[in-house]
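Beneath this line is the structure, given in structure tokens, with notes to follow.
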Number of protein chains: 2
Amino acid sequence: MPISSQGNSTRGSINEDEVRRFDATLQLPILRYQGKGTEEVFDYLVQELPVTIYSNGLEMVSLLCTPEYLDELALGFLVSEGFLENREELESVQVDREKAQVCVKIRRSHTSAEETFLKRYLTTGCGKGTSFSLDKLEEFKQVTGQLRLTPDQVLALVSDLQERSQLFKHTGAVHSSALALPEKIILYREDIGRHNAIDKILGWSFLQGEVLHSRIIVTSGRLSSEMVLKMARAGIPVVISRSAPTALAVKLAEKLGVTLVGFARGNRFNVYTHPERIYME
Amino acid sequence: MPISSQGNSTRGSINEDEVRRFDATLQLPILRYQGKGTEEVFDYLVQELPVTIYSNGLEMVSLLCTPEYLDELALGFLVSEGFLENREELESVQVDREKAQVCVKIRRSHTSAEETFLKRYLTTGCGKGTSFSLDKLEEFKQVTGQLRLTPDQVLALVSDLQERSQLFKHTGAVHSSALALPEKIILYREDIGRHNAIDKILGWSFLQGEVLHSRIIVTSGRLSSEMVLKMARAGIPVVISRSAPTALAVKLAEKLGVTLVGFARGNRFNVYTHPERIYME
């Protein structure tokens, strides 16, 4: 069975794992706040890419993933969903890194399980490119909220989130998120899903008629592209996380006007985009 | 606008937050290993429930979530997806906790955005119950792999996973997972998605013809119901995580024959199900 990987050329003496690692991270300039000062440094961010998996020419799914070992990802997805059972069924796997596509050929026609699964997706032939929603960024309005806060306020909000989550820390299995003003947290919510915790906050805000363009979201969860799109759609100008953003999340936040703060813990945090909303007293 | 919440009765002097908290966690007996001994203790696990959201009688989505603030979750989801914009559009929200349904009534007919979204889902009327895949547990074969390992082997595998993830710890935004024998890790993979990291391992195993019923998965990620179903389908008998499982994940692992080990850090771990695969030397 041929497994080919276009665009993944060998690079002199760098070993294969280093090459894959190189593809999986991106170095970006960020503003690091620590103690009482800031410095511009370069930070490594993990790549996040929408990769589309095709089986016998049918588009099965687009996954947001770290772009390494894409052949394994595609096969594992098909195996997990029950669409691929025996090694003998597999004809070939082709990774096209530039188009972010994996095309799997299987020696049989589609099953009813696949057809049920595919009902949920638009199908296009292999090679036509993905129909991922990131192509539709122009549908998003720029976030223009003028809210500003100081570094101390950033750290106080994160510390408050941490205290509230420890109050409820029986289970260890939830993400915590809060809606906040620069001075204080207004609402605290938690859920096993990062997105659900934010949705609960957005639902409460909808009922209360909250003016989100002057509000902050503080969260324990990692900042993926989907999280940033959710915030931008809601008009929230500042998002602060205890965890890391992905490179794609940073790119989207930059374009959409969202201030992204990550790794906010203790007396430090990183500002990835739109630092104009964080001001020194 | 009436917001009703059936089955969420007031309970004497307990305040509202305590009631919600009560609903969101479940106490279960577990086996706790620490140092050189084990003890049976009760532990709090977070509830995970498939909740179905209906908009004007049409089934929009089933979300796996922590079952509190379900009215907010439903409204936040609809707002996030762009299906609900103004407070005036909202007629009512009804939470039925027993059926795990939220029915939202909106003062307008469905939009083309909703219809596009709904194409991906089977639609059933409000009140007919969810079509979530957990109803189809009988499709899953019992996991019967006879592999066994000692407490020291559990701790050594987790420590090895931790070391490997620190090697690559530039970005802080990935989940790490490994395929292992009791004695050692065979394969290490990481991804921004918990599921993707496991899929990469399953894809590699498929290509290598690995016999998964005598293999272990070690992961940094939380163990949700979907993670357990993925392992059970692959026939993996032991899953070890540095993080916590949900109550639903434990229930499924119990039924499907998977040994679930959580909170494995330092010199301790919890065994939630099928402890017969962990043996004292």
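Within each chain, counting starts at residue 1; across the structure tokens, chains are named A, B, ... in the order shown, with ligands numbered 1 upward in that order.
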
If you take only C-alpha atoms and a cut-off of 6 Å, which residues of chain A touch chain B, and what are their nearest atom pairs and distances in Å to one decimal, in chain and number order, as CSV?
residue,atom,partner,partner_atom,distance
A:Tyr44,CA,B:Thr171,CA,5.5
A:Leu45,CA,B:Thr171,CA,5.0
A:Val46,CA,B:Thr171,CA,5.6
A:Cys65,CA,B:Ile192,CA,5.9
A:Thr66,CA,B:Asp191,CA,5.1
A:Glu72,CA,B:Gly203,CA,4.2
A:Leu73,CA,B:Lys200,CA,4.3
A:Leu75,CA,B:Gly203,CA,4.6
A:Gly76,CA,B:Gly203,CA,3.7
A:Phe77,CA,B:Asp199,CA,5.5
A:Arg120,CA,B:Arg120,CA,3.4
A:Tyr121,CA,B:Arg120,CA,5.9
A:His170,CA,B:Tyr44,CA,5.8
A:Thr171,CA,B:Leu45,CA,5.0
A:Gly172,CA,B:Ala244,CA,5.9
A:Ala173,CA,B:Ala244,CA,5.2
A:Asp191,CA,B:Thr66,CA,5.1
A:Ile192,CA,B:Thr66,CA,5.9
A:Asp199,CA,B:Gly76,CA,4.2
A:Lys200,CA,B:Leu73,CA,4.3
A:Leu202,CA,B:Gly76,CA,4.7
A:Gly203,CA,B:Gly76,CA,3.7
A:Trp204,CA,B:Glu72,CA,5.3
A:Ala244,CA,B:Ala173,CA,5.2

Open item on the list: With only C-alpha atoms as the counted atoms, please give the residues lying no more than 12 Å from Pro151 of chain A, apart from itself and same-chain residues fewer than 2 positions off, as an NGL selection string.
Closed with: :A and (31-38 or 148-149 or 153-158 or 182-183 or 240 or 261 or 264-271 or 275-281)

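Reported to one decimal place, the separation of atom CA of Pro237 of chain A from atom CA of His274 of chain A is 9.4 Å.
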
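Pairwise distance (atom CA of Leu256 of chain A, atom CA of Phe140 of chain A) equals 7.5 Å.
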
- [ ] Enumerate, as a ChimeraX atom specification, the complete set of residues in segment 42-230 of chain A that a backbone-based DSSP assignment places in strand (DSSP E or B).
- [x] /A:42-46,49-55,58-65,90-96,101-106,149,175-180,185-191,216-219,223

Open item on the list: Using only C-alpha atoms, which protein or nucleic acid residues come within 7 Å of Tyr188 of chain B? Drop anything in the same chain fewer than 5 positions from it, and give the result as a ChimeraX atom specification.
Closed with: /B:177-179

Selected residues, all heavy atoms, written as a PDB file, in the first residue's frame, please.
ATOM      1  N   SER B 177      -0.872  11.676  24.306  1.00  0.00           N
ATOM      2  CA  SER B 177      -1.399  10.330  24.502  1.00  0.00           C
ATOM      3  C   SER B 177      -0.358   9.328  24.054  1.00  0.00           C
ATOM      4  O   SER B 177       0.490   9.638  23.217  1.00  0.00           O
ATOM      5  CB  SER B 177      -2.679  10.113  23.693  1.00  0.00           C
ATOM      6  OG  SER B 177      -3.710  10.928  24.186  1.00  0.00           O
ATOM      7  N   ALA B 178      -0.423   8.119  24.613  1.00  0.00           N
ATOM      8  CA  ALA B 178       0.535   7.086  24.234  1.00  0.00           C
ATOM      9  C   ALA B 178      -0.125   5.724  24.204  1.00  0.00           C
ATOM     10  O   ALA B 178      -1.099   5.462  24.919  1.00  0.00           O
ATOM     11  CB  ALA B 178       1.705   7.081  25.220  1.00  0.00           C
ATOM     12  N   LEU B 179       0.421   4.865  23.352  1.00  0.00           N
ATOM     13  CA  LEU B 179       0.054   3.454  23.327  1.00  0.00           C
ATOM     14  C   LEU B 179       1.139   2.729  24.101  1.00  0.00           C
ATOM     15  O   LEU B 179       2.330   3.012  23.925  1.00  0.00           O
ATOM     16  CB  LEU B 179       0.006   2.962  21.884  1.00  0.00           C
ATOM     17  CG  LEU B 179      -0.510   1.538  21.678  1.00  0.00           C
ATOM     18  CD1 LEU B 179      -2.010   1.462  21.960  1.00  0.00           C
ATOM     19  CD2 LEU B 179      -0.228   1.078  20.245  1.00  0.00           C
TER      20      LEU B 179
END

- [ ] May I ask for the distance between atom CA of Arg97 of chain B and atom CA of Met60 of chain B, given in Å to one decimal place?
- [x] 17.3 Å

Open item on the list: Show me, as a PyMOL selection string, the residues that have an atom within 8 Å of Ala180 of chain B when counting only C-alpha atoms, minus same-chain residues fewer than 6 positions from it.
Closed with: chain B and resi 157+186-187+215-218

- [ ] Could you tell me, as number ranges by chain, which residues of segment 15-105 of chain A DSSP assigns to helix (DSSP H, G or I) when given the backbone?
- [x] A: 16-24, 70-80, 87-89

Take the residues from that selection and write them out as a PDB file, in the first residue's frame, keeping N, CA and C atoms.
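Final output, again.pdb:
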ATOM      1  N   GLU A  16      13.358  13.005  11.163  1.00  0.00           N
ATOM      2  CA  GLU A  16      11.942  13.078  10.805  1.00  0.00           C
ATOM      3  C   GLU A  16      11.093  13.726  11.906  1.00  0.00           C
ATOM      4  N   ASP A  17      11.401  13.384  13.157  1.00  0.00           N
ATOM      5  CA  ASP A  17      10.613  13.950  14.245  1.00  0.00           C
ATOM      6  C   ASP A  17      10.786  15.460  14.349  1.00  0.00           C
ATOM      7  N   GLU A  18      11.994  15.940  14.058  1.00  0.00           N
ATOM      8  CA  GLU A  18      12.207  17.384  14.090  1.00  0.00           C
ATOM      9  C   GLU A  18      11.421  18.081  12.988  1.00  0.00           C
ATOM     10  N   VAL A  19      11.381  17.457  11.817  1.00  0.00           N
ATOM     11  CA  VAL A  19      10.633  18.041  10.714  1.00  0.00           C
ATOM     12  C   VAL A  19       9.162  18.144  11.084  1.00  0.00           C
ATOM     13  N   ARG A  20       8.626  17.075  11.648  1.00  0.00           N
ATOM     14  CA  ARG A  20       7.209  17.081  12.007  1.00  0.00           C
ATOM     15  C   ARG A  20       6.943  18.145  13.078  1.00  0.00           C
ATOM     16  N   ARG A  21       7.854  18.241  14.029  1.00  0.00           N
ATOM     17  CA  ARG A  21       7.740  19.218  15.100  1.00  0.00           C
ATOM     18  C   ARG A  21       7.760  20.630  14.509  1.00  0.00           C
ATOM     19  N   PHE A  22       8.646  20.836  13.534  1.00  0.00           N
ATOM     20  CA  PHE A  22       8.749  22.121  12.857  1.00  0.00           C
ATOM     21  C   PHE A  22       7.417  22.493  12.225  1.00  0.00           C
ATOM     22  N   ASP A  23       6.777  21.515  11.610  1.00  0.00           N
ATOM     23  CA  ASP A  23       5.501  21.784  10.971  1.00  0.00           C
ATOM     24  C   ASP A  23       4.405  22.069  11.985  1.00  0.00           C
ATOM     25  N   ALA A  24       4.556  21.546  13.196  1.00  0.00           N
ATOM     26  CA  ALA A  24       3.463  21.607  14.162  1.00  0.00           C
ATOM     27  C   ALA A  24       3.473  22.873  15.007  1.00  0.00           C
ATOM     28  N   LEU A  70      -0.754  13.116   9.638  1.00  0.00           N
ATOM     29  CA  LEU A  70      -2.117  13.233   9.103  1.00  0.00           C
ATOM     30  C   LEU A  70      -2.637  11.929   8.510  1.00  0.00           C
ATOM     31  N   ASP A  71      -1.699  11.076   8.017  1.00  0.00           N
ATOM     32  CA  ASP A  71      -2.147   9.771   7.504  1.00  0.00           C
ATOM     33  C   ASP A  71      -2.752   8.943   8.639  1.00  0.00           C
ATOM     34  N   GLU A  72      -2.052   8.950   9.785  1.00  0.00           N
ATOM     35  CA  GLU A  72      -2.549   8.217  10.959  1.00  0.00           C
ATOM     36  C   GLU A  72      -3.880   8.794  11.447  1.00  0.00           C
ATOM     37  N   LEU A  73      -3.971  10.120  11.454  1.00  0.00           N
ATOM     38  CA  LEU A  73      -5.207  10.759  11.911  1.00  0.00           C
ATOM     39  C   LEU A  73      -6.399  10.312  11.060  1.00  0.00           C
ATOM     40  N   ALA A  74      -6.199  10.319   9.739  1.00  0.00           N
ATOM     41  CA  ALA A  74      -7.293   9.960   8.833  1.00  0.00           C
ATOM     42  C   ALA A  74      -7.704   8.500   9.032  1.00  0.00           C
ATOM     43  N   LEU A  75      -6.711   7.610   9.102  1.00  0.00           N
ATOM     44  CA  LEU A  75      -7.027   6.188   9.278  1.00  0.00           C
ATOM     45  C   LEU A  75      -7.674   5.953  10.639  1.00  0.00           C
ATOM     46  N   GLY A  76      -7.141   6.596  11.676  1.00  0.00           N
ATOM     47  CA  GLY A  76      -7.700   6.440  13.020  1.00  0.00           C
ATOM     48  C   GLY A  76      -9.134   6.940  13.088  1.00  0.00           C
ATOM     49  N   PHE A  77      -9.402   8.047  12.401  1.00  0.00           N
ATOM     50  CA  PHE A  77     -10.771   8.560  12.381  1.00  0.00           C
ATOM     51  C   PHE A  77     -11.709   7.540  11.723  1.00  0.00           C
ATOM     52  N   LEU A  78     -11.294   7.006  10.567  1.00  0.00           N
ATOM     53  CA  LEU A  78     -12.151   6.056   9.848  1.00  0.00           C
ATOM     54  C   LEU A  78     -12.346   4.764  10.649  1.00  0.00           C
ATOM     55  N   VAL A  79     -11.275   4.317  11.328  1.00  0.00           N
ATOM     56  CA  VAL A  79     -11.374   3.125  12.176  1.00  0.00           C
ATOM     57  C   VAL A  79     -12.313   3.395  13.355  1.00  0.00           C
ATOM     58  N   SER A  80     -12.132   4.553  14.009  1.00  0.00           N
ATOM     59  CA  SER A  80     -12.956   4.913  15.165  1.00  0.00           C
ATOM     60  C   SER A  80     -14.438   4.965  14.829  1.00  0.00           C
ATOM     61  N   ARG A  87      -7.097  -4.328   7.540  1.00  0.00           N
ATOM     62  CA  ARG A  87      -5.939  -3.830   6.813  1.00  0.00           C
ATOM     63  C   ARG A  87      -6.068  -4.103   5.317  1.00  0.00           C
ATOM     64  N   GLU A  88      -6.712  -5.226   4.960  1.00  0.00           N
ATOM     65  CA  GLU A  88      -6.828  -5.628   3.547  1.00  0.00           C
ATOM     66  C   GLU A  88      -7.737  -4.677   2.763  1.00  0.00           C
ATOM     67  N   GLU A  89      -8.664  -4.034   3.446  1.00  0.00           N
ATOM     68  CA  GLU A  89      -9.580  -3.107   2.773  1.00  0.00           C
ATOM     69  C   GLU A  89      -8.864  -1.863   2.253  1.00  0.00           C
TER      70      GLU A  89
END
